[in-house]
file my_file-v8.txt (compact mmCIF, C-alpha atoms)
# COMPACT_ATOMS: atom_id res chain seq x y z
CA MET A 1105 15.74 10.58 -50.25
CA GLY A 1106 19.24 9.10 -49.84
CA ARG A 1107 20.53 8.18 -46.43
CA ARG A 1108 22.79 10.79 -44.88
CA ARG A 1109 26.33 9.50 -44.48
CA SER A 1110 27.67 9.84 -40.95
CA SER A 1111 31.06 11.36 -40.25
CA PRO A 1112 33.81 9.20 -38.71
CA PHE A 1113 34.72 12.14 -36.48
CA PRO A 1114 32.75 13.73 -33.61
CA MET A 1115 30.13 16.30 -34.57
CA THR A 1116 31.02 20.00 -34.39
CA PRO A 1117 32.12 20.38 -30.77
CA THR A 1118 31.44 22.91 -28.10
CA ARG A 1119 34.26 24.42 -26.07
CA ALA A 1120 34.10 21.73 -23.41
CA SER A 1121 33.89 18.75 -25.81
CA THR A 1122 36.58 19.44 -28.39
CA PRO A 1123 38.77 16.31 -28.18
CA HIS A 1124 42.53 16.52 -28.09
CA LEU A 1125 44.00 15.32 -31.38
CA PHE A 1126 46.40 12.86 -29.76
CA ASP A 1127 43.53 11.20 -27.88
CA CYS A 1128 41.90 10.38 -31.24
CA TRP A 1129 45.01 9.28 -33.08
CA ASP A 1130 43.53 5.95 -34.27
CA LEU A 1131 40.78 7.85 -36.13
CA VAL A 1132 43.31 10.24 -37.60
CA THR A 1133 45.68 7.53 -38.79
CA LYS A 1134 42.87 5.63 -40.49
CA LYS A 1135 41.99 8.70 -42.51
CA ILE A 1136 45.64 9.26 -43.37
CA HIS A 1137 46.28 5.69 -44.46
CA ASP A 1138 43.09 5.59 -46.58
CA ALA A 1139 43.97 8.80 -48.43
CA ILE A 1140 45.70 8.70 -51.79
CA GLU A 1141 46.86 12.31 -51.56
CA ILE A 1142 47.04 14.70 -48.59
CA TRP A 1143 47.12 18.50 -48.41
CA ILE A 1144 48.29 19.97 -45.10
CA PHE A 1145 47.27 23.61 -44.55
CA LEU A 1146 48.90 25.44 -41.65
CA ASP A 1147 48.31 28.88 -40.21
CA PHE A 1148 51.54 30.60 -39.16
CA ASP A 1149 51.31 32.98 -36.18
CA GLY A 1150 49.98 31.22 -33.10
CA THR A 1151 50.12 27.85 -34.89
CA LEU A 1152 53.67 27.19 -36.07
CA VAL A 1153 55.15 29.99 -33.97
CA ARG A 1154 54.14 31.78 -30.80
CA TYR A 1155 52.86 35.35 -30.99
CA TYR A 1156 55.22 38.28 -30.58
CA ASP A 1157 54.34 41.86 -29.73
CA ARG A 1158 55.99 42.94 -32.97
CA PRO A 1159 55.12 40.72 -35.98
CA GLU A 1160 58.61 41.13 -37.44
CA ASP A 1161 60.22 39.48 -34.37
CA VAL A 1162 58.67 36.07 -35.07
CA LYS A 1163 60.97 33.05 -35.55
CA LEU A 1164 60.26 29.49 -36.71
CA SER A 1165 62.23 26.92 -34.73
CA GLY A 1166 64.83 24.83 -36.51
CA GLU A 1167 63.09 21.67 -35.27
CA CYS A 1168 59.79 22.69 -36.86
CA ARG A 1169 61.49 23.78 -40.09
CA ARG A 1170 63.21 20.40 -40.39
CA VAL A 1171 60.04 18.36 -39.99
CA LEU A 1172 58.17 20.60 -42.45
CA THR A 1173 60.98 20.11 -44.97
CA ARG A 1174 60.87 16.33 -44.58
CA LEU A 1175 57.08 16.23 -44.99
CA THR A 1176 57.21 18.22 -48.23
CA ARG A 1177 59.45 15.54 -49.71
CA HIS A 1178 56.88 12.78 -49.27
CA ARG A 1179 55.17 11.78 -52.51
CA ARG A 1180 51.63 11.74 -51.01
CA VAL A 1181 51.94 15.04 -49.16
CA HIS A 1182 51.51 18.65 -50.29
CA MET A 1183 51.84 21.55 -47.85
CA ALA A 1184 50.72 25.17 -47.71
CA ILE A 1185 50.91 28.03 -45.22
CA VAL A 1186 47.60 29.94 -45.06
CA SER A 1187 48.14 33.21 -43.24
CA GLY A 1188 47.15 36.83 -42.92
CA ARG A 1189 50.78 37.68 -43.68
CA ARG A 1190 51.86 38.37 -47.25
CA ASN A 1191 53.63 35.66 -49.26
CA ALA A 1192 56.93 37.55 -49.30
CA ALA A 1193 57.02 37.70 -45.49
CA LEU A 1194 56.08 34.04 -45.17
CA ARG A 1195 58.90 32.95 -47.47
CA LYS A 1196 61.32 35.00 -45.38
CA TYR A 1197 60.31 33.40 -42.08
CA VAL A 1198 59.51 29.83 -43.17
CA ARG A 1199 62.29 29.02 -45.67
CA VAL A 1200 61.04 25.53 -46.54
CA PRO A 1201 61.54 24.33 -50.14
CA ARG A 1202 58.42 23.06 -51.97
CA MET A 1203 56.14 24.83 -49.48
CA LYS A 1204 53.19 26.65 -51.06
CA PHE A 1205 52.15 30.00 -49.62
CA LEU A 1206 48.59 31.35 -49.53
CA GLY A 1207 49.10 34.76 -48.01
CA LEU A 1208 46.62 37.50 -47.12
CA PHE A 1209 44.04 35.00 -45.84
CA GLY A 1210 44.45 32.74 -48.89
CA TRP A 1211 44.04 35.46 -51.51
CA GLU A 1212 47.65 35.35 -52.70
CA LYS A 1213 47.33 31.94 -54.30
CA SER A 1214 49.84 32.72 -57.03
CA GLY A 1215 51.96 35.79 -57.58
CA ARG A 1216 50.45 39.19 -56.82
CA PRO A 1217 46.79 39.35 -57.94
CA ALA A 1218 45.79 42.67 -59.47
CA LEU A 1219 43.45 45.18 -57.87
CA PRO A 1220 41.35 47.83 -59.62
CA ARG A 1221 43.04 51.23 -59.94
CA ARG A 1222 40.28 52.83 -57.84
CA THR A 1223 40.98 50.40 -54.99
CA LYS A 1224 44.70 51.13 -55.11
CA ALA A 1225 44.03 54.86 -54.84
CA ALA A 1226 41.69 54.27 -51.91
CA LEU A 1227 44.36 52.19 -50.18
CA ARG A 1228 46.78 55.12 -50.31
CA ARG A 1229 44.19 57.39 -48.70
CA LEU A 1230 43.41 54.74 -46.09
CA ARG A 1231 47.03 54.59 -44.93
CA SER A 1232 47.05 58.30 -44.13
CA VAL A 1233 43.77 57.97 -42.22
CA LEU A 1234 45.13 55.10 -40.10
CA ALA A 1235 48.53 56.69 -39.40
CA PRO A 1236 47.45 58.63 -36.23
CA LEU A 1237 45.94 55.57 -34.48
CA PRO A 1238 49.00 54.68 -32.33
CA VAL A 1239 48.87 58.21 -30.89
CA LEU A 1240 45.09 58.24 -30.41
CA PHE A 1241 45.06 54.77 -28.83
CA PRO A 1242 48.25 53.90 -26.88
CA GLY A 1243 49.55 50.38 -27.47
CA ILE A 1244 48.02 50.07 -30.94
CA LEU A 1245 50.20 49.07 -33.89
CA VAL A 1246 49.24 49.75 -37.52
CA GLU A 1247 50.86 47.39 -40.04
CA ASP A 1248 50.90 48.38 -43.70
CA LYS A 1249 50.79 45.23 -45.88
CA GLY A 1250 50.55 47.10 -49.15
CA ILE A 1251 47.22 45.58 -50.16
CA SER A 1252 45.71 45.85 -46.67
CA SER A 1253 46.25 47.50 -43.29
CA ALA A 1254 46.19 45.58 -40.02
CA VAL A 1255 45.38 47.33 -36.75
CA HIS A 1256 46.99 45.23 -34.01
CA PHE A 1257 45.84 45.55 -30.41
CA ARG A 1258 47.58 42.60 -28.73
CA GLY A 1259 48.86 43.77 -25.34
CA ALA A 1260 47.25 47.21 -25.61
CA PRO A 1261 45.20 48.57 -22.67
CA VAL A 1262 41.56 47.48 -22.69
CA GLU A 1263 40.43 51.07 -23.26
CA SER A 1264 42.61 51.30 -26.37
CA GLN A 1265 41.32 47.96 -27.70
CA ARG A 1266 37.70 48.97 -27.30
CA GLY A 1267 38.30 52.45 -28.63
CA VAL A 1268 40.15 51.41 -31.77
CA GLN A 1269 37.62 48.70 -32.65
CA SER A 1270 34.81 51.23 -32.37
CA TRP A 1271 36.86 53.67 -34.45
CA VAL A 1272 37.36 51.07 -37.21
CA ARG A 1273 33.63 50.28 -37.28
CA GLY A 1274 32.93 53.97 -37.75
CA LEU A 1275 35.55 54.22 -40.49
CA LEU A 1276 33.88 51.47 -42.52
CA LYS A 1277 30.72 53.55 -42.70
CA ARG A 1278 32.66 56.42 -44.28
CA ILE A 1279 34.89 54.65 -46.81
CA PRO A 1280 33.77 53.17 -50.16
CA PRO A 1281 32.25 49.66 -50.25
CA ASP A 1282 35.50 48.43 -51.82
CA PHE A 1283 36.71 47.38 -48.37
CA GLY A 1284 35.77 45.08 -45.52
CA VAL A 1285 37.23 43.98 -42.19
CA ILE A 1286 38.63 40.58 -41.28
CA ARG A 1287 38.70 40.23 -37.52
CA SER A 1288 41.37 38.04 -35.92
CA ASN A 1289 42.10 37.24 -32.29
CA HIS A 1290 44.06 40.43 -31.70
CA ALA A 1291 43.67 42.59 -34.80
CA CYS A 1292 41.25 44.17 -37.24
CA GLU A 1293 42.44 44.03 -40.84
CA ILE A 1294 40.96 46.35 -43.43
CA VAL A 1295 41.10 44.52 -46.76
CA PRO A 1296 39.82 45.03 -50.32
CA ARG A 1297 36.53 43.25 -50.90
CA GLN A 1298 38.37 40.83 -53.23
CA VAL A 1299 39.99 39.33 -50.12
CA ARG A 1300 37.20 37.13 -48.79
CA GLY A 1301 38.91 35.13 -46.09
CA LYS A 1302 40.28 31.67 -45.52
CA GLY A 1303 36.98 29.80 -45.87
CA VAL A 1304 36.40 31.01 -49.42
CA ALA A 1305 40.07 30.48 -50.24
CA MET A 1306 39.98 26.87 -49.06
CA ARG A 1307 36.80 26.04 -50.96
CA GLU A 1308 38.24 27.50 -54.15
CA PHE A 1309 41.59 25.80 -53.68
CA ILE A 1310 40.16 22.33 -53.02
CA SER A 1311 37.67 22.57 -55.88
CA GLY A 1312 40.55 23.42 -58.23
CA LEU A 1313 42.47 20.20 -57.50
CA ARG A 1314 42.37 17.49 -60.12
CA ARG A 1315 41.50 14.61 -57.79
CA PRO A 1316 40.09 14.11 -54.30
CA VAL A 1317 42.46 14.73 -51.40
CA LEU A 1318 42.38 14.54 -47.62
CA PRO A 1319 42.71 18.10 -46.29
CA ILE A 1320 44.34 18.66 -42.91
CA TYR A 1321 43.95 22.19 -41.59
CA VAL A 1322 45.57 23.54 -38.40
CA GLY A 1323 44.98 27.09 -37.13
CA ASP A 1324 44.54 29.06 -33.94
CA ASP A 1325 42.58 32.13 -34.96
CA LEU A 1326 39.10 33.47 -35.59
CA THR A 1327 40.15 33.79 -39.22
CA ASP A 1328 40.63 30.00 -39.35
CA GLU A 1329 37.06 29.16 -38.29
CA PRO A 1330 35.61 29.60 -41.84
CA ALA A 1331 38.33 27.25 -43.12
CA PHE A 1332 37.37 24.64 -40.53
CA ALA A 1333 33.78 24.85 -41.75
CA ALA A 1334 34.84 24.62 -45.40
CA LEU A 1335 36.98 21.51 -44.75
CA ARG A 1336 34.69 19.69 -42.34
CA GLN A 1337 35.18 16.34 -44.11
CA GLY A 1338 38.92 16.55 -43.47
CA ILE A 1339 40.99 16.78 -40.29
CA THR A 1340 40.62 20.21 -38.70
CA VAL A 1341 42.53 21.30 -35.60
CA ARG A 1342 42.23 24.45 -33.49
CA VAL A 1343 45.33 25.47 -31.54
CA GLY A 1344 44.84 26.92 -28.07
CA SER A 1345 42.16 26.57 -25.43
CA ASP A 1346 39.13 28.18 -23.82
CA PHE A 1347 36.94 28.79 -26.87
CA ALA A 1348 34.26 27.21 -28.98
CA THR A 1349 35.36 26.10 -32.44
CA LYS A 1350 34.18 24.43 -35.64
CA ALA A 1351 37.38 22.34 -35.68
CA ARG A 1352 37.09 18.62 -34.92
CA PHE A 1353 40.15 18.47 -32.69
CA ARG A 1354 42.43 20.69 -30.64
CA LEU A 1355 46.10 21.11 -29.82
CA GLU A 1356 47.38 23.34 -27.04
CA ASN A 1357 50.23 25.36 -28.59
CA PRO A 1358 52.82 25.54 -31.39
CA GLU A 1359 54.99 22.98 -29.60
CA GLU A 1360 52.16 20.44 -29.83
CA VAL A 1361 51.69 21.35 -33.50
CA CYS A 1362 55.34 20.46 -34.09
CA ALA A 1363 54.83 17.18 -32.19
CA PHE A 1364 51.77 16.47 -34.37
CA LEU A 1365 53.80 17.03 -37.55
CA LYS A 1366 56.42 14.58 -36.27
CA ARG A 1367 53.74 11.99 -35.55
CA LEU A 1368 52.32 12.57 -39.00
CA GLU A 1369 55.73 12.03 -40.54
CA GLY A 1370 55.97 8.73 -38.69
CA GLU A 1371 52.77 7.50 -40.40
CA PHE A 1372 54.50 7.82 -43.79
CA SER A 1373 57.68 5.94 -42.89
call {"tool": "encode", "arguments": {"input": "my_file-v8.txt", "output": "structure tokens"}}
result
Amino acid sequence: MGRRRSSPFPMTPTRASTPHLFDCWDLVTKKIHDAIEIWIFLDFDGTLVRYYDRPEDVKLSGECRRVLTRLTRHRRVHMAIVSGRRNAALRKYVRVPRMKFLGLFGWEKSGRPALPRRTKAALRRLRSVLAPLPVLFPGILVEDKGISSAVHFRGAPVESQRGVQSWVRGLLKRIPPDFGVIRSNHACEIVPRQVRGKGVAMREFISGLRRPVLPIYVGDDLTDEPAFAALRQGITVRVGSDFATKARFRLENPEEVCAFLKRLEGEFS
């Protein structure tokens, strides 16, 4: 039996032991300098921008947009936004040339993938079923993404949050097996079964590249945890605090993510 190769990074941490990325910068820079090619994958809401009560109110800072634009111009670097938002919305808010978008939890890798006709018909029925939720559960927002429906409960009363999550669980028992739920920090998203989440998307994306790369993945959400697990040999960073994570490192907020991107840019100069 071959000897198991040890990782240069700490083992999967608990909540209390997740090291801050800047405290481990020497380890990070070694990985970066040894890599021939680098893919940087970034979540959007909660990672590049702070959360807003209404998703359409979000705004990427000019400072962050500028550093993203400069990084995409580097010959060793490729960049992608991996988000629950659709590609069209991401392009609207990000506006960075050469940026790749992997919307709807990585499913929208290119263009608008097709869905079976039966699933499309079921989606139309699903929208009408979800429409009364903001009245039944005050503070709840239902977002129609065309291919999926997100039930947002950020800022809603605790009773509404518990009630709507129970309601969604009951709904899944009544609708066809064409759908599943992707749970995020503050939402339940009902998606076609073809949408399998960020972990599957990252494994498929990396395996489709022509040569080995160093993946760097930064995200703040429950939906990012499968991606951290899929990219464990890369540099994985969870944004925020007070939780356990599969990521190797942590940053506190979107402002620190922007500072990290600036530091990263400095390593290529």
call {"tool": "closest_residue", "arguments": {"input": "my_file-v8.txt", "among": "A:Asp1157, A:Asp1282, A:Asp1328, A:Glu1263", "to": "Lys1224 in chain A", "atoms": "all atoms listed in the file"}}
result
A:Asp1282
call {"tool": "closest_residue", "arguments": {"input": "my_file-v8.txt", "among": "A:Pro1159, A:Gly1150, A:Pro1123, A:Pro1358", "to": "Asp1248 in chain A", "atoms": "all atoms listed in the file"}}
result
A:Pro1159
call {"tool": "atom_distance", "arguments": {"input": "my_file-v8.txt", "atom1": "CA of Leu1326 in chain A", "atom2": "CA of Val1181 in chain A"}}
result
26.2 Å
call {"tool": "residues_near_point", "arguments": {"input": "my_file-v8.txt", "point": "(41.0, 22.6, -44.4)", "cutoff": "10 Å", "atoms": "all atoms listed in the file", "output": "VMD selection string"}}
result
chain A and resid 1143 to 1146 1186 1302 to 1303 1305 to 1307 1309 to 1310 1318 to 1323 1328 to 1341 1351
call {"tool": "write_last_selection", "arguments": {"input": "my_file-v8.txt", "atoms": "C-alpha atoms", "output": "PDB file, in the coordinates of the input"}}
result
ATOM      1  CA  TRP A1143      47.120  18.500 -48.410  1.00  0.00           C
ATOM      2  CA  ILE A1144      48.290  19.970 -45.100  1.00  0.00           C
ATOM      3  CA  PHE A1145      47.270  23.610 -44.550  1.00  0.00           C
ATOM      4  CA  LEU A1146      48.900  25.440 -41.650  1.00  0.00           C
ATOM      5  CA  VAL A1186      47.600  29.940 -45.060  1.00  0.00           C
ATOM      6  CA  LYS A1302      40.280  31.670 -45.520  1.00  0.00           C
ATOM      7  CA  GLY A1303      36.980  29.800 -45.870  1.00  0.00           C
ATOM      8  CA  ALA A1305      40.070  30.480 -50.240  1.00  0.00           C
ATOM      9  CA  MET A1306      39.980  26.870 -49.060  1.00  0.00           C
ATOM     10  CA  ARG A1307      36.800  26.040 -50.960  1.00  0.00           C
ATOM     11  CA  PHE A1309      41.590  25.800 -53.680  1.00  0.00           C
ATOM     12  CA  ILE A1310      40.160  22.330 -53.020  1.00  0.00           C
ATOM     13  CA  LEU A1318      42.380  14.540 -47.620  1.00  0.00           C
ATOM     14  CA  PRO A1319      42.710  18.100 -46.290  1.00  0.00           C
ATOM     15  CA  ILE A1320      44.340  18.660 -42.910  1.00  0.00           C
ATOM     16  CA  TYR A1321      43.950  22.190 -41.590  1.00  0.00           C
ATOM     17  CA  VAL A1322      45.570  23.540 -38.400  1.00  0.00           C
ATOM     18  CA  GLY A1323      44.980  27.090 -37.130  1.00  0.00           C
ATOM     19  CA  ASP A1328      40.630  30.000 -39.350  1.00  0.00           C
ATOM     20  CA  GLU A1329      37.060  29.160 -38.290  1.00  0.00           C
ATOM     21  CA  PRO A1330      35.610  29.600 -41.840  1.00  0.00           C
ATOM     22  CA  ALA A1331      38.330  27.250 -43.120  1.00  0.00           C
ATOM     23  CA  PHE A1332      37.370  24.640 -40.530  1.00  0.00           C
ATOM     24  CA  ALA A1333      33.780  24.850 -41.750  1.00  0.00           C
ATOM     25  CA  ALA A1334      34.840  24.620 -45.400  1.00  0.00           C
ATOM     26  CA  LEU A1335      36.980  21.510 -44.750  1.00  0.00           C
ATOM     27  CA  ARG A1336      34.690  19.690 -42.340  1.00  0.00           C
ATOM     28  CA  GLN A1337      35.180  16.340 -44.110  1.00  0.00           C
ATOM     29  CA  GLY A1338      38.920  16.550 -43.470  1.00  0.00           C
ATOM     30  CA  ILE A1339      40.990  16.780 -40.290  1.00  0.00           C
ATOM     31  CA  THR A1340      40.620  20.210 -38.700  1.00  0.00           C
ATOM     32  CA  VAL A1341      42.530  21.300 -35.600  1.00  0.00           C
ATOM     33  CA  ALA A1351      37.380  22.340 -35.680  1.00  0.00           C
TER      34      ALA A1351
END
call {"tool": "atom_distance", "arguments": {"input": "my_file-v8.txt", "atom1": "CA of Pro1242 in chain A", "atom2": "CA of Phe1257 in chain A"}}
result
9.4 Å
call {"tool": "residues_near_point", "arguments": {"input": "my_file-v8.txt", "point": "(51.1, 23.2, -30.6)", "cutoff": "10 Å", "atoms": "only C-alpha atoms", "output": "VMD selection string"}}
result
chain A and resid 1150 to 1154 1322 to 1324 1342 to 1344 1354 to 1365
call {"tool": "residues_around", "arguments": {"input": "my_file-v8.txt", "residues": "Val1317 in chain A", "least_positions_apart": "2", "cutoff": "7 Å", "atoms": "all atoms listed in the file", "output": "list in words"}}
result
Ala1139, Ile1140, Glu1141, Ile1142, Trp1143, Arg1315 and Pro1319 of chain A
call {"tool": "write_last_selection", "arguments": {"input": "my_file-v8.txt", "atoms": "C-alpha atoms", "output": "PDB file, in the frame of the given file"}}
result
ATOM      1  CA  ALA A1139      43.970   8.800 -48.430  1.00  0.00           C
ATOM      2  CA  ILE A1140      45.700   8.700 -51.790  1.00  0.00           C
ATOM      3  CA  GLU A1141      46.860  12.310 -51.560  1.00  0.00           C
ATOM      4  CA  ILE A1142      47.040  14.700 -48.590  1.00  0.00           C
ATOM      5  CA  TRP A1143      47.120  18.500 -48.410  1.00  0.00           C
ATOM      6  CA  ARG A1315      41.500  14.610 -57.790  1.00  0.00           C
ATOM      7  CA  PRO A1319      42.710  18.100 -46.290  1.00  0.00           C
TER       8      PRO A1319
END
call {"tool": "atom_distance", "arguments": {"input": "my_file-v8.txt", "atom1": "CA of Asp1149 in chain A", "atom2": "CA of Thr1327 in chain A"}}
result
11.6 Å
call {"tool": "residues_around", "arguments": {"input": "my_file-v8.txt", "residues": "Tyr1156 in chain A", "least_positions_apart": "5", "cutoff": "12 Å", "atoms": "only C-alpha atoms", "output": "NGL selection string"}}
result
:A and (1149-1150 or 1161-1164 or 1256-1259 or 1290)
call {"tool": "closest_residue", "arguments": {"input": "my_file-v8.txt", "among": "A:Trp1211, A:Arg1229, A:Gly1188, A:Val1262", "to": "Cys1292 in chain A", "atoms": "all atoms listed in the file"}}
result
A:Gly1188
call {"tool": "closest_residue", "arguments": {"input": "my_file-v8.txt", "among": "A:Gly1250, A:Pro1261, A:Pro1220, A:Gly1243", "to": "Val1295 in chain A", "atoms": "only C-alpha atoms"}}
result
A:Gly1250
call {"tool": "build_atoms", "arguments": {"input": "my_file-v8.txt", "residues": "range 1160-1187 of chain A", "atoms": "N, CA and C atoms", "output": "tab-separated table (two decimals), in the frame of the given file"}}
result
chain	number	residue	atom	x	y	z
A	1160	GLU	N	57.32	41.37	-36.77
A	1160	GLU	CA	58.61	41.13	-37.44
A	1160	GLU	C	59.60	40.37	-36.57
A	1161	ASP	N	59.31	40.19	-35.27
A	1161	ASP	CA	60.22	39.48	-34.37
A	1161	ASP	C	60.01	37.97	-34.37
A	1162	VAL	N	59.03	37.48	-35.11
A	1162	VAL	CA	58.67	36.07	-35.07
A	1162	VAL	C	59.81	35.21	-35.62
A	1163	LYS	N	59.91	33.97	-35.10
A	1163	LYS	CA	60.97	33.05	-35.55
A	1163	LYS	C	60.46	31.63	-35.51
A	1164	LEU	N	60.62	30.91	-36.63
A	1164	LEU	CA	60.26	29.49	-36.71
A	1164	LEU	C	61.44	28.67	-36.18
A	1165	SER	N	61.16	27.71	-35.32
A	1165	SER	CA	62.23	26.92	-34.73
A	1165	SER	C	62.87	26.02	-35.79
A	1166	GLY	N	64.14	25.73	-35.59
A	1166	GLY	CA	64.83	24.83	-36.51
A	1166	GLY	C	64.20	23.45	-36.53
A	1167	GLU	N	63.73	22.98	-35.37
A	1167	GLU	CA	63.09	21.67	-35.27
A	1167	GLU	C	61.84	21.61	-36.14
A	1168	CYS	N	61.03	22.66	-36.06
A	1168	CYS	CA	59.79	22.69	-36.86
A	1168	CYS	C	60.12	22.81	-38.34
A	1169	ARG	N	61.11	23.63	-38.68
A	1169	ARG	CA	61.49	23.78	-40.09
A	1169	ARG	C	61.95	22.44	-40.67
A	1170	ARG	N	62.69	21.68	-39.90
A	1170	ARG	CA	63.21	20.40	-40.39
A	1170	ARG	C	62.09	19.41	-40.67
A	1171	VAL	N	61.12	19.32	-39.76
A	1171	VAL	CA	60.04	18.36	-39.99
A	1171	VAL	C	59.15	18.80	-41.15
A	1172	LEU	N	58.93	20.10	-41.30
A	1172	LEU	CA	58.17	20.60	-42.45
A	1172	LEU	C	58.88	20.25	-43.75
A	1173	THR	N	60.20	20.42	-43.77
A	1173	THR	CA	60.98	20.11	-44.97
A	1173	THR	C	60.88	18.63	-45.31
A	1174	ARG	N	60.96	17.77	-44.31
A	1174	ARG	CA	60.87	16.33	-44.58
A	1174	ARG	C	59.49	15.95	-45.10
A	1175	LEU	N	58.44	16.55	-44.54
A	1175	LEU	CA	57.08	16.23	-44.99
A	1175	LEU	C	56.87	16.65	-46.45
A	1176	THR	N	57.42	17.77	-46.85
A	1176	THR	CA	57.21	18.22	-48.23
A	1176	THR	C	57.86	17.29	-49.24
A	1177	ARG	N	58.77	16.46	-48.80
A	1177	ARG	CA	59.45	15.54	-49.71
A	1177	ARG	C	58.67	14.25	-49.94
A	1178	HIS	N	57.63	14.04	-49.13
A	1178	HIS	CA	56.88	12.78	-49.27
A	1178	HIS	C	55.96	12.85	-50.48
A	1179	ARG	N	55.90	11.77	-51.24
A	1179	ARG	CA	55.17	11.78	-52.51
A	1179	ARG	C	53.67	11.96	-52.35
A	1180	ARG	N	53.08	11.61	-51.20
A	1180	ARG	CA	51.63	11.74	-51.01
A	1180	ARG	C	51.24	13.07	-50.39
A	1181	VAL	N	52.22	13.86	-49.99
A	1181	VAL	CA	51.94	15.04	-49.16
A	1181	VAL	C	52.23	16.33	-49.93
A	1182	HIS	N	51.31	17.28	-49.81
A	1182	HIS	CA	51.51	18.65	-50.29
A	1182	HIS	C	51.24	19.57	-49.10
A	1183	MET	N	51.96	20.68	-49.02
A	1183	MET	CA	51.84	21.55	-47.85
A	1183	MET	C	51.69	23.01	-48.26
A	1184	ALA	N	50.93	23.74	-47.46
A	1184	ALA	CA	50.72	25.17	-47.71
A	1184	ALA	C	50.59	25.90	-46.38
A	1185	ILE	N	51.13	27.12	-46.33
A	1185	ILE	CA	50.91	28.03	-45.22
A	1185	ILE	C	49.79	28.97	-45.63
A	1186	VAL	N	48.74	29.06	-44.80
A	1186	VAL	CA	47.60	29.94	-45.06
A	1186	VAL	C	47.57	30.98	-43.95
A	1187	SER	N	47.89	32.22	-44.29
A	1187	SER	CA	48.14	33.21	-43.24
A	1187	SER	C	47.64	34.58	-43.65
